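Trainee: Supplied in C-alpha cells, the structure appears directly below.
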Amino acid sequence: MQDQIDKIVAASEESMKRAISHLESELAKIRAGKATPQIVDGIVVDYYGSPVPISQVGNVTVMDARTLNIQPWEKNMLQPIERAIIAANIGINPQNDGVNIRLFLPPLTEERRKELVKRSQGEGENSKVGVRSGRRDAIEAIKKLQKDGLSEDASKDAEASVQQLTDNYIAFIEKHLAAKEKEIMSI
C-alpha cells in the first residue's frame, strides 16, 4: 500500500511542477519594461499556409533595453510577421525598414503597469488552480485506496503530505508573483 501512496504523491507533485513551469513560461512573456525575445514567443506567423512561431522564420534579437529586432530569413516574410505582431495585440507597433522589423517598447505607463500586474496575477491564479487540481486528484486516489483497505491513519498521513506539498507550491507561486510584480512596478 505504501508504494501506491508514494506513486500518488509523486504524481501530484509532478502535476504541481508542471503548473509552476507553465507559470514561469507565461510570466516570461509578460514584459516588464525590458526587451526580451520571449515577448514574441507566443506569436505565430502564416508561413506558406502553416502557423509557425516567429522564432522559426527569423532571428529575434535584443538591440538595446527597449528594442527588439526581427530579421526574417526570407524577405517576403516581412509583411506576414508584421501583420502577426499587430494581430497579437501585445501593445507594440512594428517598424518595417525593408530588411528588419524593429519593435520599440514604449516606456510603461502606470496604468499599463497595473494592467500587466493584473495579468500576471491571473496567470498565478491559473497556476494555483493547477496545483489544487493535483491535490484534489491525489486525495481522491488516497480515499479510493482507503476504501480498498488502507488504514485511516495512513490515509490521513498521506493526505497531510499532499497538503504540505500543495502549501509549498502555492507559496512558491506567491513568491514568483511578488518578484514579477516588483519587476513590473520598478521604473
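If you're wondering about the labels, chains in the C-alpha cells are A, B, ... by order shown, residues count from 1 in each chain, ligands from 1 in order shown.
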Mind dumping a table of every segment 55-155 of chain A residue within 12 Å of segment 12-27 of chain A, with the nearest atom pair and its distance in Å to one decimal, using only C-alpha atoms, sorted by chain and rising number, as a tab-separated table?

Mentor:
```
residue	atom	partner	partner_atom	distance
A:Leu116	CA	A:Leu27	CA	9.9
A:Val117	CA	A:Leu27	CA	10.1
A:Lys118	CA	A:Leu27	CA	11.6
A:Arg119	CA	A:Leu27	CA	9.0
A:Ser120	CA	A:Leu27	CA	6.4
A:Gln121	CA	A:Leu27	CA	9.6
A:Gly122	CA	A:Leu23	CA	10.1
A:Glu123	CA	A:Leu23	CA	6.4
A:Gly124	CA	A:Leu23	CA	6.5
A:Glu125	CA	A:Leu23	CA	9.4
A:Asn126	CA	A:Leu23	CA	8.2
A:Ser127	CA	A:Ala19	CA	5.1
A:Lys128	CA	A:Ala19	CA	7.6
A:Val129	CA	A:Ala19	CA	8.6
A:Gly130	CA	A:Ala19	CA	5.6
A:Val131	CA	A:Met16	CA	4.7
A:Arg132	CA	A:Met16	CA	8.1
A:Ser133	CA	A:Ser15	CA	8.4
A:Gly134	CA	A:Ser12	CA	4.8
A:Arg135	CA	A:Ser12	CA	6.2
A:Arg136	CA	A:Ser12	CA	8.8
A:Asp137	CA	A:Ser12	CA	7.4
A:Ala138	CA	A:Ser12	CA	5.9
A:Ile139	CA	A:Ser12	CA	9.3
A:Glu140	CA	A:Ser12	CA	11.2
A:Ala141	CA	A:Ser12	CA	10.3
A:Ile142	CA	A:Ser12	CA	11.3
```

Trainee: Kindly export the residues of the current selection with N, CA and C atoms, as a PDB file, in the first residue's frame.

Mentor:
```pdb
ATOM      1  N   LEU A 116      -0.530  44.961 -16.427  1.00  0.00           N
ATOM      2  CA  LEU A 116       0.386  43.823 -16.515  1.00  0.00           C
ATOM      3  C   LEU A 116       0.441  43.054 -15.191  1.00  0.00           C
ATOM      4  N   VAL A 117       0.364  43.773 -14.076  1.00  0.00           N
ATOM      5  CA  VAL A 117       0.347  43.108 -12.768  1.00  0.00           C
ATOM      6  C   VAL A 117      -0.918  42.256 -12.661  1.00  0.00           C
ATOM      7  N   LYS A 118      -2.055  42.799 -13.114  1.00  0.00           N
ATOM      8  CA  LYS A 118      -3.305  42.035 -13.076  1.00  0.00           C
ATOM      9  C   LYS A 118      -3.186  40.779 -13.929  1.00  0.00           C
ATOM     10  N   ARG A 119      -2.556  40.924 -15.094  1.00  0.00           N
ATOM     11  CA  ARG A 119      -2.392  39.775 -15.989  1.00  0.00           C
ATOM     12  C   ARG A 119      -1.512  38.705 -15.343  1.00  0.00           C
ATOM     13  N   SER A 120      -0.436  39.148 -14.701  1.00  0.00           N
ATOM     14  CA  SER A 120       0.435  38.173 -14.051  1.00  0.00           C
ATOM     15  C   SER A 120      -0.275  37.519 -12.855  1.00  0.00           C
ATOM     16  N   GLN A 121      -1.105  38.297 -12.141  1.00  0.00           N
ATOM     17  CA  GLN A 121      -1.886  37.721 -11.040  1.00  0.00           C
ATOM     18  C   GLN A 121      -2.858  36.661 -11.566  1.00  0.00           C
ATOM     19  N   GLY A 122      -3.458  36.950 -12.737  1.00  0.00           N
ATOM     20  CA  GLY A 122      -4.361  35.978 -13.351  1.00  0.00           C
ATOM     21  C   GLY A 122      -3.642  34.693 -13.711  1.00  0.00           C
ATOM     22  N   GLU A 123      -2.424  34.827 -14.258  1.00  0.00           N
ATOM     23  CA  GLU A 123      -1.630  33.631 -14.583  1.00  0.00           C
ATOM     24  C   GLU A 123      -1.293  32.870 -13.299  1.00  0.00           C
ATOM     25  N   GLY A 124      -0.989  33.617 -12.234  1.00  0.00           N
ATOM     26  CA  GLY A 124      -0.695  32.975 -10.949  1.00  0.00           C
ATOM     27  C   GLY A 124      -1.895  32.212 -10.426  1.00  0.00           C
ATOM     28  N   GLU A 125      -3.081  32.794 -10.590  1.00  0.00           N
ATOM     29  CA  GLU A 125      -4.303  32.138 -10.130  1.00  0.00           C
ATOM     30  C   GLU A 125      -4.544  30.850 -10.926  1.00  0.00           C
ATOM     31  N   ASN A 126      -4.275  30.896 -12.236  1.00  0.00           N
ATOM     32  CA  ASN A 126      -4.412  29.681 -13.052  1.00  0.00           C
ATOM     33  C   ASN A 126      -3.467  28.589 -12.568  1.00  0.00           C
ATOM     34  N   SER A 127      -2.246  28.982 -12.194  1.00  0.00           N
ATOM     35  CA  SER A 127      -1.284  28.001 -11.696  1.00  0.00           C
ATOM     36  C   SER A 127      -1.725  27.432 -10.355  1.00  0.00           C
ATOM     37  N   LYS A 128      -2.290  28.280  -9.507  1.00  0.00           N
ATOM     38  CA  LYS A 128      -2.791  27.793  -8.214  1.00  0.00           C
ATOM     39  C   LYS A 128      -3.902  26.768  -8.433  1.00  0.00           C
ATOM     40  N   VAL A 129      -4.766  27.042  -9.417  1.00  0.00           N
ATOM     41  CA  VAL A 129      -5.835  26.093  -9.733  1.00  0.00           C
ATOM     42  C   VAL A 129      -5.227  24.759 -10.180  1.00  0.00           C
ATOM     43  N   GLY A 130      -4.158  24.824 -10.985  1.00  0.00           N
ATOM     44  CA  GLY A 130      -3.481  23.601 -11.415  1.00  0.00           C
ATOM     45  C   GLY A 130      -2.902  22.828 -10.246  1.00  0.00           C
ATOM     46  N   VAL A 131      -2.308  23.537  -9.295  1.00  0.00           N
ATOM     47  CA  VAL A 131      -1.732  22.890  -8.107  1.00  0.00           C
ATOM     48  C   VAL A 131      -2.842  22.243  -7.282  1.00  0.00           C
ATOM     49  N   ARG A 132      -3.933  22.986  -7.095  1.00  0.00           N
ATOM     50  CA  ARG A 132      -5.053  22.445  -6.287  1.00  0.00           C
ATOM     51  C   ARG A 132      -5.701  21.250  -6.984  1.00  0.00           C
ATOM     52  N   SER A 133      -5.704  21.271  -8.305  1.00  0.00           N
ATOM     53  CA  SER A 133      -6.255  20.153  -9.059  1.00  0.00           C
ATOM     54  C   SER A 133      -5.406  18.898  -8.811  1.00  0.00           C
ATOM     55  N   GLY A 134      -4.087  19.073  -8.777  1.00  0.00           N
ATOM     56  CA  GLY A 134      -3.201  17.949  -8.459  1.00  0.00           C
ATOM     57  C   GLY A 134      -3.470  17.410  -7.071  1.00  0.00           C
ATOM     58  N   ARG A 135      -3.726  18.325  -6.124  1.00  0.00           N
ATOM     59  CA  ARG A 135      -4.044  17.902  -4.746  1.00  0.00           C
ATOM     60  C   ARG A 135      -5.359  17.128  -4.720  1.00  0.00           C
ATOM     61  N   ARG A 136      -6.373  17.660  -5.411  1.00  0.00           N
ATOM     62  CA  ARG A 136      -7.686  17.011  -5.422  1.00  0.00           C
ATOM     63  C   ARG A 136      -7.595  15.594  -5.989  1.00  0.00           C
ATOM     64  N   ASP A 137      -6.875  15.448  -7.105  1.00  0.00           N
ATOM     65  CA  ASP A 137      -6.737  14.123  -7.720  1.00  0.00           C
ATOM     66  C   ASP A 137      -6.036  13.157  -6.761  1.00  0.00           C
ATOM     67  N   ALA A 138      -4.993  13.638  -6.088  1.00  0.00           N
ATOM     68  CA  ALA A 138      -4.255  12.779  -5.156  1.00  0.00           C
ATOM     69  C   ALA A 138      -5.132  12.363  -3.983  1.00  0.00           C
ATOM     70  N   ILE A 139      -5.885  13.304  -3.443  1.00  0.00           N
ATOM     71  CA  ILE A 139      -6.723  12.973  -2.280  1.00  0.00           C
ATOM     72  C   ILE A 139      -7.838  12.004  -2.681  1.00  0.00           C
ATOM     73  N   GLU A 140      -8.388  12.179  -3.877  1.00  0.00           N
ATOM     74  CA  GLU A 140      -9.404  11.228  -4.352  1.00  0.00           C
ATOM     75  C   GLU A 140      -8.813   9.829  -4.483  1.00  0.00           C
ATOM     76  N   ALA A 141      -7.591   9.744  -5.005  1.00  0.00           N
ATOM     77  CA  ALA A 141      -6.944   8.442  -5.162  1.00  0.00           C
ATOM     78  C   ALA A 141      -6.650   7.815  -3.796  1.00  0.00           C
ATOM     79  N   ILE A 142      -6.260   8.637  -2.840  1.00  0.00           N
ATOM     80  CA  ILE A 142      -5.989   8.129  -1.483  1.00  0.00           C
ATOM     81  C   ILE A 142      -7.274   7.619  -0.851  1.00  0.00           C
TER      82      ILE A 142
END
```

Trainee: To test your reading of the structure, identify every residue in chain A that backbone DSSP assigns to alpha helix (DSSP H), and report it as a compact mmCIF listing (two decimals) with C-alpha atoms, in the first residue's frame.

Mentor:
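Once everything was written out, this is out06.txt:
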```
# COMPACT_ATOMS: atom_id res chain seq x y z
CA GLN A 2 2.83 2.40 0.85
CA ASP A 3 4.29 2.20 -2.65
CA GLN A 4 0.88 3.11 -4.09
CA ILE A 5 0.70 6.12 -1.78
CA ASP A 6 4.22 7.16 -2.84
CA LYS A 7 3.17 6.92 -6.51
CA ILE A 8 0.10 9.06 -5.86
CA VAL A 9 2.14 11.71 -4.03
CA ALA A 10 4.81 11.67 -6.77
CA ALA A 11 2.15 12.06 -9.47
CA SER A 12 0.57 15.01 -7.66
CA GLU A 13 3.99 16.62 -7.22
CA GLU A 14 4.68 16.20 -10.94
CA SER A 15 1.35 17.86 -11.73
CA MET A 16 2.25 20.75 -9.41
CA LYS A 17 5.69 21.12 -11.04
CA ARG A 18 4.02 21.36 -14.46
CA ALA A 19 1.79 24.16 -13.14
CA ILE A 20 4.89 26.03 -11.89
CA SER A 21 6.78 25.62 -15.17
CA HIS A 22 3.74 26.86 -17.09
CA LEU A 23 3.57 29.89 -14.80
CA GLU A 24 7.25 30.64 -15.37
CA SER A 25 6.86 30.48 -19.15
CA GLU A 26 3.76 32.71 -19.08
CA LEU A 27 5.40 35.27 -16.77
CA ALA A 28 8.40 35.44 -19.10
CA LYS A 29 6.07 36.58 -21.89
CA LEU A 78 8.33 40.81 -43.57
CA GLN A 79 4.63 41.55 -44.17
CA PRO A 80 3.24 38.36 -42.58
CA ILE A 81 5.43 38.86 -39.49
CA GLU A 82 4.33 42.48 -39.22
CA ARG A 83 0.66 41.50 -39.55
CA ALA A 84 1.05 38.73 -36.94
CA ILE A 85 2.60 41.15 -34.43
CA ILE A 86 -0.20 43.67 -34.95
CA ALA A 87 -2.85 40.92 -34.68
CA ALA A 88 -1.27 39.59 -31.45
CA GLU A 110 1.35 53.48 -14.51
CA GLU A 111 -1.94 52.26 -15.97
CA ARG A 112 -0.20 49.72 -18.23
CA ARG A 113 1.95 48.52 -15.32
CA LYS A 114 -1.16 47.85 -13.23
CA GLU A 115 -2.72 46.02 -16.18
CA LEU A 116 0.39 43.82 -16.51
CA VAL A 117 0.35 43.11 -12.77
CA LYS A 118 -3.31 42.03 -13.08
CA ARG A 119 -2.39 39.78 -15.99
CA SER A 120 0.44 38.17 -14.05
CA GLN A 121 -1.89 37.72 -11.04
CA GLY A 122 -4.36 35.98 -13.35
CA GLU A 123 -1.63 33.63 -14.58
CA GLY A 124 -0.69 32.97 -10.95
CA GLU A 125 -4.30 32.14 -10.13
CA ASN A 126 -4.41 29.68 -13.05
CA SER A 127 -1.28 28.00 -11.70
CA LYS A 128 -2.79 27.79 -8.21
CA VAL A 129 -5.84 26.09 -9.73
CA GLY A 130 -3.48 23.60 -11.41
CA VAL A 131 -1.73 22.89 -8.11
CA ARG A 132 -5.05 22.44 -6.29
CA SER A 133 -6.25 20.15 -9.06
CA GLY A 134 -3.20 17.95 -8.46
CA ARG A 135 -4.04 17.90 -4.75
CA ARG A 136 -7.69 17.01 -5.42
CA ASP A 137 -6.74 14.12 -7.72
CA ALA A 138 -4.26 12.78 -5.16
CA ILE A 139 -6.72 12.97 -2.28
CA GLU A 140 -9.40 11.23 -4.35
CA ALA A 141 -6.94 8.44 -5.16
CA ILE A 142 -5.99 8.13 -1.48
CA LYS A 143 -9.66 7.89 -0.47
CA LYS A 144 -10.15 5.19 -3.09
CA LEU A 145 -7.21 3.29 -1.56
CA GLN A 146 -8.76 3.72 1.90
CA LYS A 147 -11.94 2.03 0.61
CA GLU A 152 -7.33 5.56 8.22
CA ASP A 153 -4.07 6.73 9.87
CA ALA A 154 -2.05 6.04 6.74
CA SER A 155 -4.71 7.79 4.68
CA LYS A 156 -4.61 10.89 6.90
CA ASP A 157 -0.79 10.93 6.81
CA ALA A 158 -0.79 10.71 3.01
CA GLU A 159 -3.40 13.50 2.75
CA ALA A 160 -1.30 15.64 5.10
CA SER A 161 1.82 15.14 2.96
CA VAL A 162 -0.14 16.08 -0.18
CA GLN A 163 -1.48 19.17 1.61
CA GLN A 164 2.06 20.10 2.68
CA LEU A 165 3.22 19.79 -0.94
CA THR A 166 0.31 21.97 -2.06
CA ASP A 167 1.12 24.64 0.53
CA ASN A 168 4.78 24.68 -0.56
CA TYR A 169 3.91 25.07 -4.25
CA ILE A 170 1.30 27.77 -3.55
CA ALA A 171 3.93 29.69 -1.54
CA PHE A 172 6.37 29.24 -4.45
CA ILE A 173 3.77 30.71 -6.84
CA GLU A 174 3.23 33.66 -4.49
CA LYS A 175 6.99 34.27 -4.42
CA HIS A 176 7.13 34.23 -8.23
CA LEU A 177 4.22 36.67 -8.45
CA ALA A 178 5.73 39.04 -5.90
CA ALA A 179 9.02 39.09 -7.81
CA LYS A 180 7.25 39.72 -11.12
CA GLU A 181 5.11 42.49 -9.61
CA LYS A 182 8.23 44.14 -8.22
CA GLU A 183 9.91 43.85 -11.63
CA ILE A 184 6.90 45.37 -13.43
CA MET A 185 6.35 48.21 -10.96
```

Trainee: Just list as a list in words whatever in segment 32-151 of chain A DSSP marks as strand (DSSP E).

Mentor: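 The residues of segment 32-151 of chain A classed as strand (DSSP E) are Val44, Val45, Asp46, Tyr47, Ser50, Pro51, Val52, Pro53, Gly58, Asn59, Val60, Thr61, Val62, Met63, Asp64, Thr67, Leu68, Asn69, Ile70, Gln71, Pro72, Pro94, Gln95, Asn96, Ile101, Arg102, Leu103 and Phe104 of chain A.
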
Trainee: Per residue of segment 101-161 of chain A within 7 Å of segment 62-75 of chain A, what are the shortest atom pair and its distance in Å to one decimal, counting only C-alpha atoms, with rows by chain and residue number, as CSV?

Mentor:
```
residue,atom,partner,partner_atom,distance
A:Ile101,CA,A:Ile70,CA,5.0
A:Arg102,CA,A:Asn69,CA,4.6
A:Leu103,CA,A:Leu68,CA,5.0
A:Phe104,CA,A:Thr67,CA,4.7
A:Leu105,CA,A:Arg66,CA,5.1
```

Trainee: Just to confirm, what's the straight-line distance from atom CA of Gly91 of chain A to atom CA of Ser50 of chain A in Å (one decimal)?

Mentor: 24.7 Å

Trainee: May I ask which of the residues A:Ile39, A:Asn100, A:Val44, A:Ile92 is the closest one to Asn59 of chain A, counting only C-alpha atoms?

Mentor: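 Among A:Ile39, A:Asn100, A:Val44, A:Ile92, it is A:Asn100 that comes nearest to Asn59 of chain A.
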
Trainee: Atom CA of Val57 of chain A and atom CA of Ile90 of chain A, how far apart in Å?

Mentor: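 Atom CA of Val57 of chain A lies 19.0 Å from atom CA of Ile90 of chain A.
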